[in-house]
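As provided, data-v1.txt (compact mmCIF, C-alpha atoms) reads as follows.
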# COMPACT_ATOMS: atom_id res chain seq x y z
CA MET D 11 91.05 -14.50 60.42
CA GLN D 12 89.31 -12.94 57.41
CA PRO D 13 88.02 -15.18 54.59
CA ASN D 14 90.11 -15.35 51.39
CA ASN D 15 87.70 -13.17 49.45
CA TRP D 16 87.72 -10.41 52.07
CA LYS D 17 90.07 -8.17 50.06
CA VAL D 18 87.89 -8.54 46.98
CA ARG D 19 84.73 -7.74 48.90
CA SER D 20 86.47 -4.83 50.64
CA GLY D 21 87.61 -3.53 47.28
CA ILE D 22 84.09 -3.76 45.92
CA ALA D 23 82.74 -2.01 49.01
CA LEU D 24 85.41 0.67 48.75
CA PHE D 25 84.76 1.14 45.03
CA GLY D 26 81.03 1.27 45.72
CA GLY D 27 81.57 3.95 48.34
CA ILE D 28 83.71 6.01 45.99
CA ALA D 29 81.16 5.59 43.20
CA ALA D 30 78.34 6.65 45.50
CA SER D 31 80.39 9.64 46.59
CA LEU D 32 81.11 10.58 42.99
CA LEU D 33 77.44 10.21 42.09
CA ALA D 34 76.48 12.40 45.04
CA SER D 35 79.04 15.00 43.98
CA SER D 36 77.77 14.80 40.41
CA ALA D 37 74.21 15.31 41.61
CA LEU D 38 75.26 18.50 43.37
CA ALA D 39 77.35 19.77 40.44
CA ALA D 40 76.08 22.64 38.32
CA THR D 41 75.82 22.27 34.56
CA ALA D 42 76.23 24.64 31.62
CA GLN D 43 74.37 24.25 28.33
CA ARG D 44 75.22 26.33 25.27
CA THR D 45 72.47 26.97 22.68
CA ALA D 46 71.41 29.50 20.05
CA PHE D 47 69.06 32.24 21.27
CA GLY D 48 68.43 34.14 18.05
CA THR D 49 69.95 35.80 15.01
CA MET D 50 70.95 39.43 14.52
CA LYS D 51 69.71 41.28 11.44
CA ASN D 52 73.15 40.84 9.86
CA GLY D 53 72.87 37.06 10.23
CA THR D 54 75.11 36.69 13.30
CA VAL D 55 73.90 33.97 15.65
CA VAL D 56 73.56 35.07 19.28
CA GLU D 57 74.22 32.30 21.77
CA ALA D 58 72.81 31.63 25.22
CA VAL D 59 74.37 29.67 28.08
CA THR D 60 72.08 28.17 30.72
CA LEU D 61 73.62 27.43 34.11
CA SER D 62 71.65 24.98 36.28
CA ASN D 63 72.06 23.35 39.68
CA ALA D 64 70.45 20.33 41.30
CA LYS D 65 68.15 22.43 43.49
CA GLY D 66 66.08 23.83 40.64
CA VAL D 67 67.89 27.16 40.26
CA SER D 68 68.96 28.13 36.76
CA ALA D 69 70.27 31.24 35.02
CA ARG D 70 70.26 31.89 31.29
CA ILE D 71 72.79 34.41 29.96
CA ILE D 72 72.68 35.67 26.38
CA ALA D 73 75.68 37.14 24.59
CA TYR D 74 73.80 40.25 23.48
CA GLY D 75 74.38 42.75 26.27
CA ALA D 76 75.94 39.97 28.42
CA THR D 77 72.35 39.78 29.66
CA LEU D 78 70.81 37.76 32.49
CA GLN D 79 67.78 36.75 30.44
CA SER D 80 66.29 34.37 32.98
CA LEU D 81 66.73 33.41 36.63
CA LYS D 82 64.51 30.59 37.82
CA GLY D 83 64.00 29.09 41.25
CA PRO D 84 61.41 27.12 43.24
CA ASP D 85 58.88 28.62 45.63
CA LYS D 86 58.06 27.10 49.03
CA ALA D 87 55.78 24.56 47.32
CA GLY D 88 58.53 23.57 44.89
CA LYS D 89 57.03 25.35 41.87
CA VAL D 90 59.72 26.87 39.66
CA ALA D 91 59.23 30.33 38.16
CA ASP D 92 61.31 32.91 36.32
CA VAL D 93 61.86 35.91 38.62
CA VAL D 94 63.40 38.45 36.22
CA LEU D 95 61.58 40.67 33.77
CA GLY D 96 62.64 40.53 30.14
CA TYR D 97 61.82 39.15 26.72
CA ASP D 98 61.47 35.71 25.19
CA ASP D 99 63.14 36.66 21.91
CA LEU D 100 66.30 38.40 20.74
CA ALA D 101 64.51 40.89 18.47
CA SER D 102 62.76 42.50 21.45
CA TYR D 103 66.06 42.98 23.32
CA VAL D 104 67.48 44.68 20.22
CA ASP D 105 64.45 46.70 19.10
CA LYS D 106 62.83 47.52 22.47
CA PRO D 107 65.73 48.00 24.89
CA ASN D 108 64.86 48.65 28.51
CA TYR D 109 67.98 47.42 30.34
CA PHE D 110 66.27 44.16 31.37
CA GLY D 111 69.04 42.05 32.98
CA VAL D 112 71.83 43.65 30.96
CA THR D 113 75.43 44.34 31.86
CA VAL D 114 75.66 48.12 32.25
CA GLY D 115 78.80 50.05 31.32
CA ARG D 116 81.05 51.82 30.93
CA TYR D 117 79.31 53.79 33.63
CA ALA D 118 76.16 52.58 35.37
CA ASN D 119 73.61 55.24 36.29
CA ARG D 120 73.76 58.95 35.42
CA ILE D 121 76.60 61.37 34.77
CA ALA D 122 75.40 64.98 34.97
CA GLY D 123 75.56 67.06 31.82
CA ALA D 124 77.02 64.06 29.96
CA ARG D 125 80.53 65.25 30.79
CA PHE D 126 83.32 64.90 33.34
CA THR D 127 86.85 66.19 33.82
CA LEU D 128 89.83 63.91 34.42
CA ASP D 129 93.41 65.14 34.83
CA GLY D 130 92.40 68.57 33.60
CA LYS D 131 90.71 67.35 30.42
CA THR D 132 86.94 67.46 29.94
CA TYR D 133 85.30 64.53 28.17
CA LYS D 134 81.93 64.97 26.47
CA LEU D 135 79.85 61.81 26.64
CA SER D 136 76.95 60.37 24.70
CA GLN D 137 73.81 62.20 25.87
CA ASN D 138 70.81 59.86 26.15
CA ASP D 139 68.89 60.96 29.26
CA LYS D 140 67.80 64.53 28.61
CA SER D 141 71.02 66.44 29.35
CA ASN D 142 72.70 63.48 31.09
CA SER D 143 74.52 60.33 30.07
CA LEU D 144 72.79 57.20 31.37
CA HIS D 145 74.18 53.66 31.65
CA GLY D 146 77.15 54.26 29.37
CA GLY D 147 75.42 56.27 26.67
CA ALA D 148 73.23 55.63 23.64
CA VAL D 149 75.24 52.53 22.63
CA GLY D 150 76.44 51.23 25.96
CA PHE D 151 77.61 47.72 26.82
CA ASP D 152 73.98 46.60 26.95
CA LYS D 153 73.66 47.09 23.17
CA GLN D 154 76.83 45.21 22.20
CA LEU D 155 77.29 41.61 21.14
CA TRP D 156 79.80 40.09 23.56
CA ARG D 157 82.14 37.18 22.85
CA ILE D 158 81.70 33.95 24.83
CA VAL D 159 85.26 33.00 25.76
CA SER D 160 84.72 30.26 28.35
CA VAL D 161 81.99 27.86 29.48
CA LYS D 162 82.61 25.55 32.44
CA GLN D 163 80.66 23.14 34.60
CA GLY D 164 81.37 21.44 37.93
CA PRO D 165 80.70 22.46 41.53
CA SER D 166 80.17 25.92 40.06
CA ALA D 167 79.08 26.29 36.43
CA SER D 168 80.13 29.47 34.66
CA VAL D 169 80.28 31.48 31.47
CA THR D 170 82.73 34.27 30.73
CA LEU D 171 81.98 36.92 28.12
CA ALA D 172 84.38 39.55 26.75
CA LEU D 173 84.12 42.92 25.04
CA THR D 174 86.59 45.53 23.80
CA SER D 175 85.47 49.15 24.09
CA PRO D 176 87.75 51.35 21.94
CA ASP D 177 89.23 54.68 22.99
CA GLY D 178 86.54 57.35 22.60
CA ASP D 179 83.63 54.90 22.73
CA GLN D 180 80.58 56.99 23.78
CA GLY D 181 83.10 59.72 24.64
CA TYR D 182 85.05 57.77 27.27
CA PRO D 183 88.86 57.79 27.18
CA GLY D 184 91.01 54.67 26.89
CA THR D 185 90.67 51.30 25.22
CA LEU D 186 88.87 49.13 27.76
CA ASN D 187 89.08 45.33 27.70
CA VAL D 188 86.20 43.92 29.72
CA THR D 189 85.08 40.50 30.92
CA VAL D 190 81.95 39.47 32.78
CA THR D 191 81.75 36.04 34.42
CA TYR D 192 78.50 34.52 35.66
CA ALA D 193 78.95 31.51 37.98
CA LEU D 194 76.15 29.46 39.60
CA ASP D 195 76.89 27.17 42.54
CA ASP D 196 74.88 24.31 44.08
CA LYS D 197 73.40 26.57 46.78
CA GLY D 198 71.66 28.98 44.43
CA ALA D 199 74.26 31.78 44.44
CA LEU D 200 74.84 33.48 41.09
CA THR D 201 78.15 35.34 41.31
CA ILE D 202 78.91 38.01 38.72
CA ASP D 203 82.48 39.27 38.31
CA PHE D 204 83.13 42.42 36.29
CA ASP D 205 86.77 42.99 35.28
CA ALA D 206 88.36 45.63 33.08
CA THR D 207 91.78 46.95 32.09
CA THR D 208 92.57 50.22 30.34
CA ASP D 209 95.50 51.78 28.47
CA LYS D 210 94.56 55.32 29.57
CA ALA D 211 93.09 56.88 32.69
CA THR D 212 89.30 56.55 32.57
CA VAL D 213 86.22 55.96 34.73
CA VAL D 214 84.42 52.61 35.08
CA ASN D 215 81.31 51.59 37.01
CA MET D 216 79.69 48.31 35.98
CA THR D 217 76.71 46.39 37.31
CA ASN D 218 73.85 44.12 36.37
CA HIS D 219 70.41 45.64 35.74
CA ALA D 220 68.07 42.70 36.43
CA ILE D 221 64.53 43.72 37.41
CA PHE D 222 62.97 41.21 39.80
CA ASP D 223 59.54 39.95 40.74
CA LEU D 224 60.01 37.10 43.21
CA ALA D 225 56.39 36.03 42.74
CA GLY D 226 57.31 35.27 39.12
CA GLU D 227 57.65 37.87 36.37
CA GLY D 228 54.28 39.19 35.24
CA SER D 229 52.51 38.31 38.50
CA ALA D 230 49.31 40.21 39.28
CA ARG D 231 50.66 41.98 42.39
CA GLY D 232 54.15 42.63 41.15
CA ILE D 233 56.52 43.66 43.94
CA LEU D 234 54.06 45.66 46.04
CA ASP D 235 54.02 43.06 48.82
CA HIS D 236 57.75 42.34 48.66
CA ARG D 237 59.74 43.20 51.77
CA LEU D 238 63.06 45.00 51.34
CA THR D 239 65.84 45.27 53.91
CA MET D 240 69.07 47.24 53.48
CA PRO D 241 71.96 48.05 55.86
CA ALA D 242 71.96 51.71 54.81
CA THR D 243 71.60 54.61 57.24
CA HIS D 244 71.96 57.19 54.43
CA TYR D 245 70.91 57.68 50.84
CA THR D 246 71.77 60.20 48.13
CA PRO D 247 68.83 62.53 47.39
CA VAL D 248 68.48 63.75 43.79
CA ASP D 249 67.44 66.86 41.89
CA ASP D 250 64.72 67.03 39.25
CA LYS D 251 67.09 65.43 36.71
CA LEU D 252 67.76 62.50 39.09
CA ILE D 253 71.34 63.63 39.71
CA PRO D 254 72.57 63.33 43.33
CA THR D 255 72.76 66.67 45.11
CA GLY D 256 75.96 65.57 46.85
CA GLU D 257 74.25 65.22 50.21
CA LEU D 258 74.21 62.02 52.23
CA LYS D 259 70.81 62.21 53.89
CA PRO D 260 69.81 60.07 56.90
CA VAL D 261 67.03 57.60 56.14
CA ALA D 262 65.66 57.79 59.71
CA GLY D 263 62.09 59.02 59.79
CA THR D 264 61.63 58.78 56.01
CA VAL D 265 60.17 56.29 53.53
CA PHE D 266 63.79 55.47 52.64
CA ASP D 267 64.42 53.68 55.93
CA PHE D 268 64.71 49.97 55.09
CA ARG D 269 67.12 49.06 57.90
CA ARG D 270 64.59 46.87 59.70
CA GLY D 271 62.72 45.88 56.55
CA ARG D 272 59.50 47.27 55.14
CA ASN D 273 57.13 46.56 52.28
CA VAL D 274 58.10 48.22 49.03
CA SER D 275 54.56 49.58 48.73
CA ASP D 276 54.89 51.57 51.98
CA GLY D 277 56.55 54.51 50.26
CA LEU D 278 56.33 53.71 46.56
CA ARG D 279 53.54 56.20 45.89
CA ASP D 280 53.96 58.51 48.87
CA GLY D 281 53.67 61.91 47.19
CA ARG D 282 54.29 63.68 50.50
CA ASP D 283 58.00 63.00 50.07
CA PRO D 284 59.46 65.23 47.33
CA GLN D 285 62.11 62.61 46.60
CA ILE D 286 59.45 60.04 45.72
CA VAL D 287 57.87 62.66 43.44
CA ALA D 288 61.24 63.37 41.78
CA GLY D 289 61.89 59.69 41.13
CA ARG D 290 58.28 58.77 40.31
CA GLY D 291 58.80 56.16 43.03
CA TYR D 292 62.08 54.72 44.27
CA ASP D 293 64.95 55.49 41.91
CA HIS D 294 67.66 56.27 44.43
CA ASN D 295 71.11 55.22 45.50
CA PHE D 296 71.55 53.94 49.05
CA ALA D 297 74.92 54.29 50.78
CA ILE D 298 75.65 50.85 52.20
CA ASP D 299 77.06 51.26 55.71
CA ALA D 300 80.09 49.05 55.08
CA GLY D 301 81.13 51.17 52.08
CA LEU D 302 83.62 49.93 49.49
CA THR D 303 84.95 46.53 50.59
CA PRO D 304 87.48 43.99 49.23
CA GLN D 305 84.98 41.14 49.65
CA PRO D 306 81.24 41.13 48.96
CA LYS D 307 78.96 42.08 51.84
CA LEU D 308 75.18 42.05 52.09
CA ALA D 309 73.76 45.11 50.35
CA GLY D 310 70.07 44.21 50.21
CA ARG D 311 67.55 41.47 50.97
CA LEU D 312 64.25 41.11 49.15
CA SER D 313 61.59 38.61 50.14
CA ASP D 314 58.14 37.63 48.88
CA PRO D 315 56.01 36.18 51.70
CA ALA D 316 53.53 34.56 49.31
CA SER D 317 56.04 32.49 47.34
CA GLY D 318 58.67 32.21 50.08
CA ARG D 319 61.43 33.24 47.66
CA ILE D 320 64.28 35.31 49.06
CA LEU D 321 66.87 37.23 47.07
CA GLU D 322 70.02 38.58 48.69
CA VAL D 323 72.31 40.98 46.84
CA TRP D 324 75.97 41.04 47.90
CA SER D 325 78.61 43.35 46.51
CA THR D 326 82.03 44.93 46.96
CA GLU D 327 80.66 48.34 45.88
CA PRO D 328 79.54 51.15 48.23
CA GLY D 329 76.10 51.87 46.78
CA LEU D 330 72.87 50.10 45.88
CA GLN D 331 70.52 51.75 43.41
CA VAL D 332 66.92 50.75 44.02
CA TYR D 333 64.57 51.24 41.06
CA THR D 334 60.92 50.22 41.15
CA GLY D 335 60.27 50.12 37.41
CA ASN D 336 58.88 53.66 37.46
CA PHE D 337 59.21 54.13 33.71
CA LEU D 338 57.41 50.89 32.84
CA ASP D 339 54.15 52.26 31.46
CA GLY D 340 52.39 49.27 29.94
CA THR D 341 53.78 49.80 26.45
CA LEU D 342 56.29 46.95 26.67
CA VAL D 343 55.13 43.35 26.27
CA GLY D 344 57.55 41.00 27.99
CA LYS D 345 57.85 37.28 28.57
CA SER D 346 54.79 35.10 27.99
CA GLY D 347 52.86 38.11 26.69
CA HIS D 348 52.96 39.98 30.01
CA VAL D 349 52.48 43.77 29.93
CA TYR D 350 54.94 45.45 32.29
CA ARG D 351 53.87 48.43 34.43
CA MET D 352 55.28 50.51 37.27
CA GLY D 353 55.68 48.32 40.35
CA ASP D 354 55.88 45.09 38.34
CA GLY D 355 59.55 44.71 39.23
CA ILE D 356 62.41 46.08 41.28
CA ALA D 357 66.09 46.48 40.40
CA MET D 358 68.80 46.43 43.04
CA GLU D 359 71.99 47.55 41.32
CA PRO D 360 75.23 47.57 43.33
CA GLN D 361 77.60 50.24 42.03
CA LYS D 362 79.61 53.38 42.67
CA PHE D 363 77.39 56.36 43.44
CA PRO D 364 75.73 58.11 40.48
CA ASP D 365 77.68 61.07 39.02
CA SER D 366 80.81 60.09 40.98
CA PRO D 367 83.14 61.44 38.26
CA ASN D 368 81.80 64.92 39.05
CA GLN D 369 81.49 64.63 42.83
CA SER D 370 84.78 64.37 44.70
CA SER D 371 83.10 63.44 48.01
CA PHE D 372 81.98 60.11 46.51
CA ASP D 373 84.23 57.05 46.03
CA SER D 374 86.25 57.57 42.87
CA PRO D 375 85.44 55.44 39.80
CA ARG D 376 88.87 56.19 38.29
CA VAL D 377 90.74 53.30 36.65
CA ASP D 378 94.36 53.57 35.48
CA PRO D 379 96.69 51.42 33.37
CA GLY D 380 98.15 48.64 35.49
CA LYS D 381 95.38 48.97 38.07
CA PRO D 382 92.48 46.81 36.85
CA TYR D 383 88.85 47.38 37.73
CA HIS D 384 87.01 44.63 39.60
CA HIS D 385 83.49 44.41 40.97
CA ARG D 386 82.05 41.20 42.41
CA MET D 387 78.34 40.95 43.10
CA ILE D 388 76.18 37.98 44.06
CA TYR D 389 72.48 37.18 43.65
CA ARG D 390 71.57 34.53 46.23
CA LEU D 391 68.17 33.04 45.44
CA THR D 392 66.77 30.80 48.18
CA THR D 393 63.40 29.74 49.57
CA ALA D 394 61.99 30.09 53.07
CA ARG D 395 60.48 26.84 54.33

Please, can you express the file's structure as structure tokens?
Amino acid sequence: MQPNNWKVRSGIALFGGIAASLLASSALAATAQRTAFGTMKNGTVVEAVTLSNAKGVSARIIAYGATLQSLKGPDKAGKVADVVLGYDDLASYVDKPNYFGVTVGRYANRIAGARFTLDGKTYKLSQNDKSNSLHGGAVGFDKQLWRIVSVKQGPSASVTLALTSPDGDQGYPGTLNVTVTYALDDKGALTIDFDATTDKATVVNMTNHAIFDLAGEGSARGILDHRLTMPATHYTPVDDKLIPTGELKPVAGTVFDFRRGRNVSDGLRDGRDPQIVAGRGYDHNFAIDAGLTPQPKLAGRLSDPASGRILEVWSTEPGLQVYTGNFLDGTLVGKSGHVYRMGDGIAMEPQKFPDSPNQSSFDSPRVDPGKPYHHRMIYRLTTAR
């Protein structure tokens, strides 16, 4: 027979167990903190939202450009560092744009001749890359102040930002209503969802343009010793204007073969390959073997043996543009006073292939009314032990 106070003690024990469970859940929950980041020249305050988890991973997103301004994580010794290149202040993002961590749109990468034809009509786009249109034009999504429409915390902390791109914006047809949602979970995965609807047939290709150094931005060696692996048996070679030729070229036997992993430095300055000369390093789209998929699949894995940090990029899109900061020439001063040079960072941008609106053999970037655009990509930042 149980003593008279058994039910009370059992209740206390049960309550204690629930409380401990709730505390444990709370400890694993991710948080979201909303703060001011700076002020535009017209007096508009630009906000930042910092998402953090209990394992030391955090991401700061600023409303200007819907930009991933910071991504921090611990190394194998537990030391936390910021692994994305960028600026410490708003004025630099506005006055010295270089696509650091921004949301790119309407169309990521290059469109040849800054024009395309859709349903028999030719659209002339903003020309901002010699004769081409790059990353949405001269005033793309990266140079817009987005609206913060939702901030949440819990098992996954998130921020959703919205933007309306009017019909004719940078030459593109259709009014486009866009949202970007960043969500950080307790395992270090930062999921980015790009969604858009249109009232007229158009083309859309959105991605994030973070440039990474897993040793910590501004490190002495940059990404030269980083190891890159990609499940891509083909890539899209480019002409002297960095426009794909239309060919899908096998990577076998070339410096573009990352299927089994290789150091970025292996081919970065290999002038014997005319494609490296054309890109001034790696600035090429890789055709991920799985192609366009309904759910994200692994597109690339980057690791830094010295710090132990590992970054995986997952995506629903068929291509991964790899860019080794070839146009960083030491004239930009980034975070903590660091001068950025070629090889100081690497971008891995999941997307439709460059110039897809003009190349029918590539997956179509067409978006129609009633058929929304969606791209989900994930940055998974972990540490090897």

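Atom to atom, atom CA of Asp250 of chain D and atom CA of Asp129 of chain D stand 29.1 Å apart.
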
Of the candidates D:Ile121, D:Val188, D:Ala211, D:Val67, which one gets nearest to Val90 of chain D if we count all atoms listed in the file?
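Closest to Val90 of chain D of all the choices is D:Val67.
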
May I ask for the distance between atom CA of Thr191 of chain D and atom CA of Lys86 of chain D, given in Å to one decimal place?
29.2 Å

Using all atoms listed in the file, which protein or nucleic acid residues come within 8 Å of segment 253-262 of chain D? Drop anything in the same chain fewer than 5 positions from it, and give the result as a list of chain:residue names.
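My list of contacting residues is D:Arg120, D:Ile121, D:Ala122, D:Ala242, D:Thr243, D:His244, D:Tyr245, D:Thr246, D:Pro247, D:Val248, D:Asp267, D:Ala297, D:Pro364, D:Asp365, D:Gln369, D:Ser371.
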
Please compute the atom CA of Asp223 of chain D-atom CA of Trp156 of chain D distance, one decimal, in Å.
26.6 Å
